[in-house]
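> Contents of data_32.cif (mmCIF, C-alpha atoms):
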data_target
#
loop_
_atom_site.group_PDB
_atom_site.id
_atom_site.type_symbol
_atom_site.label_atom_id
_atom_site.label_comp_id
_atom_site.auth_asym_id
_atom_site.auth_seq_id
_atom_site.Cartn_x
_atom_site.Cartn_y
_atom_site.Cartn_z
ATOM 1 C CA MET A 205 104.200 129.173 102.607
ATOM 2 C CA ASP A 206 100.702 127.890 101.853
ATOM 3 C CA PHE A 207 101.700 124.839 99.814
ATOM 4 C CA LYS A 208 98.091 123.672 99.583
ATOM 5 C CA SER A 209 97.350 126.577 97.233
ATOM 6 C CA TYR A 210 99.893 125.109 94.784
ATOM 7 C CA ILE A 211 98.294 121.658 94.669
ATOM 8 C CA ARG A 212 95.517 121.058 92.156
ATOM 9 C CA VAL A 213 92.689 118.770 93.270
ATOM 10 C CA ILE A 214 91.100 116.819 90.426
ATOM 11 C CA PRO A 215 87.704 115.278 91.224
ATOM 12 C CA ASP A 216 86.835 111.765 90.068
ATOM 13 C CA PHE A 217 90.355 110.804 88.986
ATOM 14 C CA PRO A 218 91.395 108.063 88.432
ATOM 15 C CA GLN A 219 87.892 106.853 89.302
ATOM 16 C CA PRO A 220 84.635 108.335 90.598
ATOM 17 C CA GLY A 221 84.791 109.501 94.204
ATOM 18 C CA ILE A 222 88.566 110.024 94.279
ATOM 19 C CA ARG A 223 89.881 113.578 94.687
ATOM 20 C CA PHE A 224 93.377 113.283 93.157
ATOM 21 C CA LYS A 225 96.036 115.606 94.589
ATOM 22 C CA ASP A 226 98.130 116.793 91.629
ATOM 23 C CA ILE A 227 101.604 118.038 92.607
ATOM 24 C CA THR A 228 102.594 119.013 89.050
ATOM 25 C CA THR A 229 101.217 122.494 89.728
ATOM 26 C CA LEU A 230 103.617 122.838 92.673
ATOM 27 C CA LEU A 231 106.537 121.378 90.713
ATOM 28 C CA LYS A 232 106.136 123.825 87.832
ATOM 29 C CA ASP A 233 106.335 126.832 90.160
ATOM 30 C CA GLY A 234 110.062 127.284 90.804
ATOM 31 C CA PRO A 235 109.832 129.342 94.013
ATOM 32 C CA ALA A 236 107.156 127.060 95.526
ATOM 33 C CA TYR A 237 109.061 123.874 94.604
ATOM 34 C CA LYS A 238 112.265 125.346 96.037
ATOM 35 C CA ALA A 239 110.490 126.378 99.260
ATOM 36 C CA ALA A 240 109.007 122.880 99.635
ATOM 37 C CA ILE A 241 112.402 121.237 99.239
ATOM 38 C CA GLU A 242 113.982 123.744 101.644
ATOM 39 C CA GLU A 243 111.386 122.966 104.318
ATOM 40 C CA LEU A 244 111.967 119.236 103.949
ATOM 41 C CA THR A 245 115.732 119.856 104.003
ATOM 42 C CA THR A 246 115.381 121.476 107.419
ATOM 43 C CA PHE A 247 113.573 118.360 108.671
ATOM 44 C CA ALA A 248 116.215 116.058 107.143
ATOM 45 C CA ARG A 249 118.947 117.981 108.957
ATOM 46 C CA GLU A 250 117.010 117.745 112.251
ATOM 47 C CA VAL A 251 116.959 113.932 112.005
ATOM 48 C CA ASN A 252 120.605 113.787 110.822
ATOM 49 C CA ALA A 253 119.854 111.971 107.577
ATOM 50 C CA GLU A 254 122.914 110.532 105.847
ATOM 51 C CA VAL A 255 121.106 109.376 102.707
ATOM 52 C CA ILE A 256 117.700 109.930 101.105
ATOM 53 C CA ALA A 257 115.576 107.088 99.720
ATOM 54 C CA GLY A 258 112.672 107.781 97.373
ATOM 55 C CA PRO A 259 110.143 105.293 96.002
ATOM 56 C CA GLU A 260 109.358 105.331 92.292
ATOM 57 C CA ALA A 261 108.343 107.573 90.684
ATOM 58 C CA ARG A 262 107.221 110.735 92.431
ATOM 59 C CA GLY A 263 109.556 110.021 95.332
ATOM 60 C CA PHE A 264 112.323 110.803 92.856
ATOM 61 C CA VAL A 265 111.122 114.411 92.330
ATOM 62 C CA VAL A 266 111.052 114.932 96.096
ATOM 63 C CA GLY A 267 114.039 112.840 97.171
ATOM 64 C CA ALA A 268 116.606 113.708 94.507
ATOM 65 C CA PRO A 269 116.514 117.504 94.996
ATOM 66 C CA LEU A 270 116.409 116.958 98.758
ATOM 67 C CA SER A 271 119.568 114.833 98.641
ATOM 68 C CA TYR A 272 121.216 117.419 96.394
ATOM 69 C CA ALA A 273 120.358 120.221 98.845
ATOM 70 C CA LEU A 274 121.844 118.194 101.701
ATOM 71 C CA GLY A 275 124.901 117.016 99.774
ATOM 72 C CA VAL A 276 124.086 113.359 100.503
ATOM 73 C CA GLY A 277 123.349 110.375 98.294
ATOM 74 C CA PHE A 278 120.009 109.379 96.825
ATOM 75 C CA VAL A 279 118.745 105.784 96.731
ATOM 76 C CA PRO A 280 115.990 105.069 94.201
ATOM 77 C CA ILE A 281 113.466 102.492 95.355
ATOM 78 C CA ARG A 282 112.171 100.978 92.112
ATOM 79 C CA LYS A 283 109.361 98.738 90.968
ATOM 80 C CA SER A 284 110.483 95.130 91.038
ATOM 81 C CA GLY A 285 112.360 94.058 87.895
ATOM 82 C CA LYS A 286 113.662 97.550 87.023
ATOM 83 C CA LEU A 287 117.068 97.446 88.709
ATOM 84 C CA PRO A 288 120.068 96.078 86.784
ATOM 85 C CA TYR A 289 122.113 94.800 89.739
ATOM 86 C CA GLU A 290 121.376 92.277 92.481
ATOM 87 C CA SER A 291 118.436 93.530 94.527
ATOM 88 C CA ILE A 292 115.984 92.637 97.258
ATOM 89 C CA LYS A 293 112.246 93.212 97.076
ATOM 90 C CA ALA A 294 109.245 93.746 99.339
ATOM 91 C CA GLU A 295 105.633 93.222 98.327
ATOM 92 C CA TYR A 296 102.716 95.424 99.289
ATOM 93 C CA ASN A 297 98.981 95.314 98.717
ATOM 94 C CA LEU A 298 97.165 97.401 96.154
ATOM 95 C CA GLU A 299 93.427 97.930 95.984
ATOM 96 C CA TYR A 300 93.255 95.053 93.491
ATOM 97 C CA GLY A 301 96.279 92.792 93.868
ATOM 98 C CA LYS A 302 99.906 93.194 94.880
ATOM 99 C CA ASP A 303 102.973 95.050 93.727
ATOM 100 C CA ALA A 304 106.603 95.005 94.797
ATOM 101 C CA LEU A 305 109.410 97.489 95.341
ATOM 102 C CA ALA A 306 113.119 96.724 95.087
ATOM 103 C CA VAL A 307 116.490 98.209 95.980
ATOM 104 C CA HIS A 308 120.055 97.258 95.114
ATOM 105 C CA VAL A 309 121.718 95.148 97.823
ATOM 106 C CA ASP A 310 124.570 97.659 98.145
ATOM 107 C CA ALA A 311 122.465 100.841 98.139
ATOM 108 C CA ILE A 312 122.452 101.352 101.906
ATOM 109 C CA GLN A 313 125.186 100.538 104.382
ATOM 110 C CA PRO A 314 124.459 98.943 107.777
ATOM 111 C CA GLY A 315 123.861 101.666 110.362
ATOM 112 C CA GLN A 316 123.310 104.378 107.746
ATOM 113 C CA ARG A 317 120.670 106.957 108.728
ATOM 114 C CA VAL A 318 118.010 107.061 105.999
ATOM 115 C CA LEU A 319 115.237 109.569 105.369
ATOM 116 C CA ILE A 320 112.436 108.419 103.070
ATOM 117 C CA ALA A 321 111.014 111.117 100.801
ATOM 118 C CA ASP A 322 107.860 110.847 98.690
ATOM 119 C CA ASP A 323 105.093 113.030 97.351
ATOM 120 C CA LEU A 324 102.219 111.485 99.297
ATOM 121 C CA LEU A 325 101.478 109.519 102.448
ATOM 122 C CA ALA A 326 98.133 107.772 102.043
ATOM 123 C CA THR A 327 97.516 104.279 103.445
ATOM 124 C CA GLY A 328 101.228 103.720 104.133
ATOM 125 C CA GLY A 329 101.680 100.636 101.917
ATOM 126 C CA THR A 330 104.485 102.018 99.762
ATOM 127 C CA ILE A 331 106.294 103.530 102.720
ATOM 128 C CA THR A 332 106.103 100.422 104.912
ATOM 129 C CA SER A 333 107.570 98.384 102.039
ATOM 130 C CA THR A 334 110.314 100.983 101.652
ATOM 131 C CA ILE A 335 111.045 100.807 105.393
ATOM 132 C CA GLN A 336 111.218 97.017 105.190
ATOM 133 C CA LEU A 337 113.792 97.197 102.369
ATOM 134 C CA ILE A 338 115.950 99.751 104.188
ATOM 135 C CA GLU A 339 115.900 97.770 107.418
ATOM 136 C CA GLN A 340 116.723 94.523 105.570
ATOM 137 C CA LEU A 341 119.915 96.212 104.405
ATOM 138 C CA GLY A 342 120.716 97.334 107.949
ATOM 139 C CA GLY A 343 119.757 100.982 107.446
ATOM 140 C CA ILE A 344 118.082 103.034 110.168
ATOM 141 C CA VAL A 345 114.979 104.943 109.061
ATOM 142 C CA VAL A 346 115.249 108.275 110.874
ATOM 143 C CA GLY A 347 112.283 109.995 109.246
ATOM 144 C CA ALA A 348 109.790 110.216 106.424
ATOM 145 C CA ALA A 349 109.051 113.423 104.503
ATOM 146 C CA PHE A 350 106.109 114.133 102.205
ATOM 147 C CA PHE A 351 104.601 116.991 100.271
ATOM 148 C CA ILE A 352 101.093 115.707 101.104
ATOM 149 C CA GLU A 353 99.523 113.553 103.800
ATOM 150 C CA LEU A 354 95.994 112.182 103.489
ATOM 151 C CA SER A 355 95.517 112.015 107.254
ATOM 152 C CA TYR A 356 92.040 110.463 106.997
ATOM 153 C CA LEU A 357 93.665 107.286 105.577
ATOM 154 C CA GLU A 358 95.811 106.956 108.740
ATOM 155 C CA GLY A 359 99.033 105.920 106.984
ATOM 156 C CA ARG A 360 101.087 107.675 109.659
ATOM 157 C CA GLN A 361 99.970 105.091 112.240
ATOM 158 C CA LYS A 362 101.719 102.351 110.228
ATOM 159 C CA LEU A 363 105.047 104.162 110.635
ATOM 160 C CA GLY A 364 105.199 103.729 114.407
ATOM 161 C CA ASP A 365 107.631 106.120 116.089
ATOM 162 C CA ILE A 366 109.356 107.229 112.864
ATOM 163 C CA PRO A 367 109.259 111.052 112.730
ATOM 164 C CA VAL A 368 107.036 112.299 109.884
ATOM 165 C CA LYS A 369 107.024 115.684 108.166
ATOM 166 C CA SER A 370 104.251 116.549 105.715
ATOM 167 C CA LEU A 371 103.880 119.996 104.185
ATOM 168 C CA VAL A 372 100.136 119.713 103.555
ATOM 169 C CA GLN A 373 97.433 117.608 105.172
ATOM 170 C CA TYR A 374 94.016 116.714 103.832
#
Will you turn the file into structure tokens for me?

Amino acid sequence: MDFKSYIRVIPDFPQPGIRFKDITTLLKDGPAYKAAIEELTTFAREVNAEVIAGPEARGFVVGAPLSYALGVGFVPIRKSGKLPYESIKAEYNLEYGKDALAVHVDAIQPGQRVLIADDLLATGGTITSTIQLIEQLGGIVVGAAFFIELSYLEGRQKLGDIPVKSLVQY
């Protein structure tokens, strides 16, 4: 399926010069959304994922249906301060400042095979922080799956030898 035809590109959002990739047009099309999740499910099976982790917030709309399709658990990776139970956090750089992601300390078991799912791979900051959290808990990151990859930002290089699946590349 040509998933790129389901993604709306919005020029100059959120600031001039940015060409925002809007996945809401893919999400609202049931057959396209289902096909995207099915393709990522195939990849998750290939890497023998035992649990799916998705960073807030769009990683939830990719990761949760993927975990459902596989019949495995879903681990939400949240912004720091949003989780009610004991958690660990990892900071990452933003264009102007820093942010942090967190996960419950009991979300992933040592040795558990984890696939990270998100909407977009850009510079790799969010994903490297997510990897750090998973590995701190003893999980093994077996892959990363995305609807979109902005290959010109070279985020994939930050993931080392972790297998990556992206449905669309810009």
> List the spatial neighbours of A:Phe247 as a list in words - criterion: any atom at most 12 Å away, all atoms listed in the file, same-chain residues fewer than 2 positions off excluded.
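The filter keeps Ala240, Ile241, Glu242, Glu243, Leu244, Thr245, Arg249, Glu250, Val251, Asn252, Ala253, Leu270, Leu274, Leu319, Ile320, Ala321, Val346, Gly347, Ala348, Ala349, Phe350, Pro367, Val368, Lys369, Ser370 and Leu371 of chain A.
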> What do you get, as a PyMOL selection string, if you spell out every residue that the PyMOL selection byres ((chain A and resi 322) around 9) selects here?
chain A and resi 257-267+320-321+323-325+331+348-352
> I need the residue set behind the PyMOL selection byres ((chain A and resi 357) around 9) for this file; please write it as a ChimeraX atom specification.
/A:325-328,353-356,358-360
> Hey, can I get the axis-aligned box for stretch 221-240 of chain A? All listed atoms, 4 Å padding on each side, centre and edge lengths in Å to one decimal, as AutoDock Vina command-line options.

--center_x 98.5 --center_y 119.4 --center_z 93.7 --size_x 35.5 --size_y 27.8 --size_z 19.8
> For a quick check of understanding, using only C-alpha atoms, which of A:Lys293, A:Lys208, A:Arg282, A:Lys362 has the smallest distance to A:Ile227?
A:Lys208
> Quick check, in Å to one decimal: how far apart do atom CA of A:Thr334 and atom CA of A:Ser284 lie?
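Those two atoms sit 12.1 Å apart.
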> Using only C-alpha atoms for the distances, tell me which of A:Asn297, A:Ser291, A:Ser333, A:Gln316 is nearest to A:Val345.
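Closest to A:Val345, using only C-alpha atoms: A:Gln316.
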> Taking the file as shown, what set of residues would the PyMOL selection byres ((chain A and resi 213) around 10) give back, as an MDAnalysis selection string?
chainID A and resid 208:212 214:217 222:227 229
> So how many Å separate atom CA of A:Thr330 and atom CA of A:Ala294, to one decimal?
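Going from atom CA of A:Thr330 over to atom CA of A:Ala294, I get 9.6 Å.
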> Neighbouring residues of A:Gly277 were defined as those with any atom within 9 Å, considering all atoms listed in the file; residues of the same chain fewer than 5 positions away were excluded. Please report them as a PyMOL selection string.
chain A and resi 254-257+268+271-272
> Tell me which residues come within 12 Å of (121.8, 94.5, 106.4), as a VMD selection string, counting all atoms listed in the file in the file's coordinates.
chain A and resid 292 308 to 316 336 to 344
> Using Å and a single decimal, report how far atom CA of A:Val276 sits from atom CA of A:Gly234.
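Here the two named atoms are 22.0 Å from each other.
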> Any chance you could build stretch 315-326 of chain A out to all heavy atoms and write it as a PDB file, in the frame of the given file?

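What ended up in selection-v2.pdb:
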ATOM      1  N   GLY A 315     123.730 100.540 109.437  1.00  0.00           N
ATOM      2  CA  GLY A 315     123.861 101.666 110.362  1.00  0.00           C
ATOM      3  C   GLY A 315     123.643 103.024 109.733  1.00  0.00           C
ATOM      4  O   GLY A 315     123.586 104.031 110.449  1.00  0.00           O
ATOM      5  N   GLN A 316     123.502 103.097 108.426  1.00  0.00           N
ATOM      6  CA  GLN A 316     123.310 104.378 107.746  1.00  0.00           C
ATOM      7  C   GLN A 316     121.933 104.949 108.084  1.00  0.00           C
ATOM      8  O   GLN A 316     120.934 104.247 108.086  1.00  0.00           O
ATOM      9  CB  GLN A 316     123.465 104.188 106.240  1.00  0.00           C
ATOM     10  CG  GLN A 316     123.752 105.453 105.489  1.00  0.00           C
ATOM     11  CD  GLN A 316     124.232 105.175 104.065  1.00  0.00           C
ATOM     12  OE1 GLN A 316     123.929 104.151 103.478  1.00  0.00           O
ATOM     13  NE2 GLN A 316     124.970 106.120 103.523  1.00  0.00           N
ATOM     14  N   ARG A 317     121.901 106.250 108.349  1.00  0.00           N
ATOM     15  CA  ARG A 317     120.670 106.957 108.728  1.00  0.00           C
ATOM     16  C   ARG A 317     119.946 107.409 107.461  1.00  0.00           C
ATOM     17  O   ARG A 317     120.465 108.236 106.718  1.00  0.00           O
ATOM     18  CB  ARG A 317     121.004 108.134 109.633  1.00  0.00           C
ATOM     19  CG  ARG A 317     121.673 107.702 110.942  1.00  0.00           C
ATOM     20  CD  ARG A 317     122.114 108.887 111.774  1.00  0.00           C
ATOM     21  NE  ARG A 317     121.003 109.744 112.163  1.00  0.00           N
ATOM     22  CZ  ARG A 317     120.196 109.527 113.192  1.00  0.00           C
ATOM     23  NH1 ARG A 317     120.376 108.470 113.965  1.00  0.00           N
ATOM     24  NH2 ARG A 317     119.211 110.371 113.463  1.00  0.00           N
ATOM     25  N   VAL A 318     118.745 106.871 107.251  1.00  0.00           N
ATOM     26  CA  VAL A 318     118.010 107.061 105.999  1.00  0.00           C
ATOM     27  C   VAL A 318     116.724 107.839 106.236  1.00  0.00           C
ATOM     28  O   VAL A 318     115.941 107.504 107.129  1.00  0.00           O
ATOM     29  CB  VAL A 318     117.665 105.695 105.358  1.00  0.00           C
ATOM     30  CG1 VAL A 318     116.979 105.891 104.021  1.00  0.00           C
ATOM     31  CG2 VAL A 318     118.914 104.831 105.222  1.00  0.00           C
ATOM     32  N   LEU A 319     116.518 108.851 105.410  1.00  0.00           N
ATOM     33  CA  LEU A 319     115.237 109.569 105.369  1.00  0.00           C
ATOM     34  C   LEU A 319     114.515 109.139 104.104  1.00  0.00           C
ATOM     35  O   LEU A 319     115.104 109.156 103.016  1.00  0.00           O
ATOM     36  CB  LEU A 319     115.447 111.085 105.343  1.00  0.00           C
ATOM     37  CG  LEU A 319     114.155 111.889 105.201  1.00  0.00           C
ATOM     38  CD1 LEU A 319     113.471 112.034 106.551  1.00  0.00           C
ATOM     39  CD2 LEU A 319     114.416 113.246 104.590  1.00  0.00           C
ATOM     40  N   ILE A 320     113.259 108.758 104.230  1.00  0.00           N
ATOM     41  CA  ILE A 320     112.436 108.419 103.070  1.00  0.00           C
ATOM     42  C   ILE A 320     111.689 109.669 102.638  1.00  0.00           C
ATOM     43  O   ILE A 320     111.095 110.364 103.462  1.00  0.00           O
ATOM     44  CB  ILE A 320     111.431 107.299 103.420  1.00  0.00           C
ATOM     45  CG1 ILE A 320     112.176 106.048 103.868  1.00  0.00           C
ATOM     46  CG2 ILE A 320     110.528 107.007 102.228  1.00  0.00           C
ATOM     47  CD1 ILE A 320     111.287 104.993 104.501  1.00  0.00           C
ATOM     48  N   ALA A 321     111.708 109.950 101.340  1.00  0.00           N
ATOM     49  CA  ALA A 321     111.014 111.117 100.801  1.00  0.00           C
ATOM     50  C   ALA A 321     110.081 110.674  99.681  1.00  0.00           C
ATOM     51  O   ALA A 321     110.459 109.904  98.806  1.00  0.00           O
ATOM     52  CB  ALA A 321     112.024 112.132 100.269  1.00  0.00           C
ATOM     53  N   ASP A 322     108.845 111.171  99.724  1.00  0.00           N
ATOM     54  CA  ASP A 322     107.860 110.847  98.690  1.00  0.00           C
ATOM     55  C   ASP A 322     106.886 112.004  98.574  1.00  0.00           C
ATOM     56  O   ASP A 322     106.880 112.907  99.410  1.00  0.00           O
ATOM     57  CB  ASP A 322     107.136 109.547  99.039  1.00  0.00           C
ATOM     58  CG  ASP A 322     106.552 108.828  97.823  1.00  0.00           C
ATOM     59  OD1 ASP A 322     106.644 109.360  96.691  1.00  0.00           O
ATOM     60  OD2 ASP A 322     105.997 107.736  98.008  1.00  0.00           O
ATOM     61  N   ASP A 323     106.050 111.951  97.541  1.00  0.00           N
ATOM     62  CA  ASP A 323     105.093 113.030  97.351  1.00  0.00           C
ATOM     63  C   ASP A 323     103.910 112.925  98.292  1.00  0.00           C
ATOM     64  O   ASP A 323     103.368 113.922  98.735  1.00  0.00           O
ATOM     65  CB  ASP A 323     104.608 113.082  95.896  1.00  0.00           C
ATOM     66  CG  ASP A 323     103.727 111.903  95.518  1.00  0.00           C
ATOM     67  OD1 ASP A 323     104.007 110.765  95.952  1.00  0.00           O
ATOM     68  OD2 ASP A 323     102.760 112.107  94.765  1.00  0.00           O
ATOM     69  N   LEU A 324     103.500 111.677  98.630  1.00  0.00           N
ATOM     70  CA  LEU A 324     102.219 111.485  99.297  1.00  0.00           C
ATOM     71  C   LEU A 324     102.265 110.337 100.297  1.00  0.00           C
ATOM     72  O   LEU A 324     102.755 109.251  99.974  1.00  0.00           O
ATOM     73  CB  LEU A 324     101.162 111.178  98.225  1.00  0.00           C
ATOM     74  CG  LEU A 324      99.750 110.880  98.680  1.00  0.00           C
ATOM     75  CD1 LEU A 324      99.021 112.165  99.030  1.00  0.00           C
ATOM     76  CD2 LEU A 324      98.993 110.149  97.587  1.00  0.00           C
ATOM     77  N   LEU A 325     101.731 110.583 101.477  1.00  0.00           N
ATOM     78  CA  LEU A 325     101.478 109.519 102.448  1.00  0.00           C
ATOM     79  C   LEU A 325      99.973 109.296 102.471  1.00  0.00           C
ATOM     80  O   LEU A 325      99.218 110.198 102.842  1.00  0.00           O
ATOM     81  CB  LEU A 325     101.983 109.907 103.841  1.00  0.00           C
ATOM     82  CG  LEU A 325     101.646 108.932 104.979  1.00  0.00           C
ATOM     83  CD1 LEU A 325     102.216 107.547 104.714  1.00  0.00           C
ATOM     84  CD2 LEU A 325     102.137 109.480 106.311  1.00  0.00           C
ATOM     85  N   ALA A 326      99.557 108.111 102.054  1.00  0.00           N
ATOM     86  CA  ALA A 326      98.133 107.772 102.043  1.00  0.00           C
ATOM     87  C   ALA A 326      97.891 106.642 103.043  1.00  0.00           C
ATOM     88  O   ALA A 326      97.897 106.862 104.241  1.00  0.00           O
ATOM     89  CB  ALA A 326      97.692 107.411 100.627  1.00  0.00           C
TER      90      ALA A 326
END
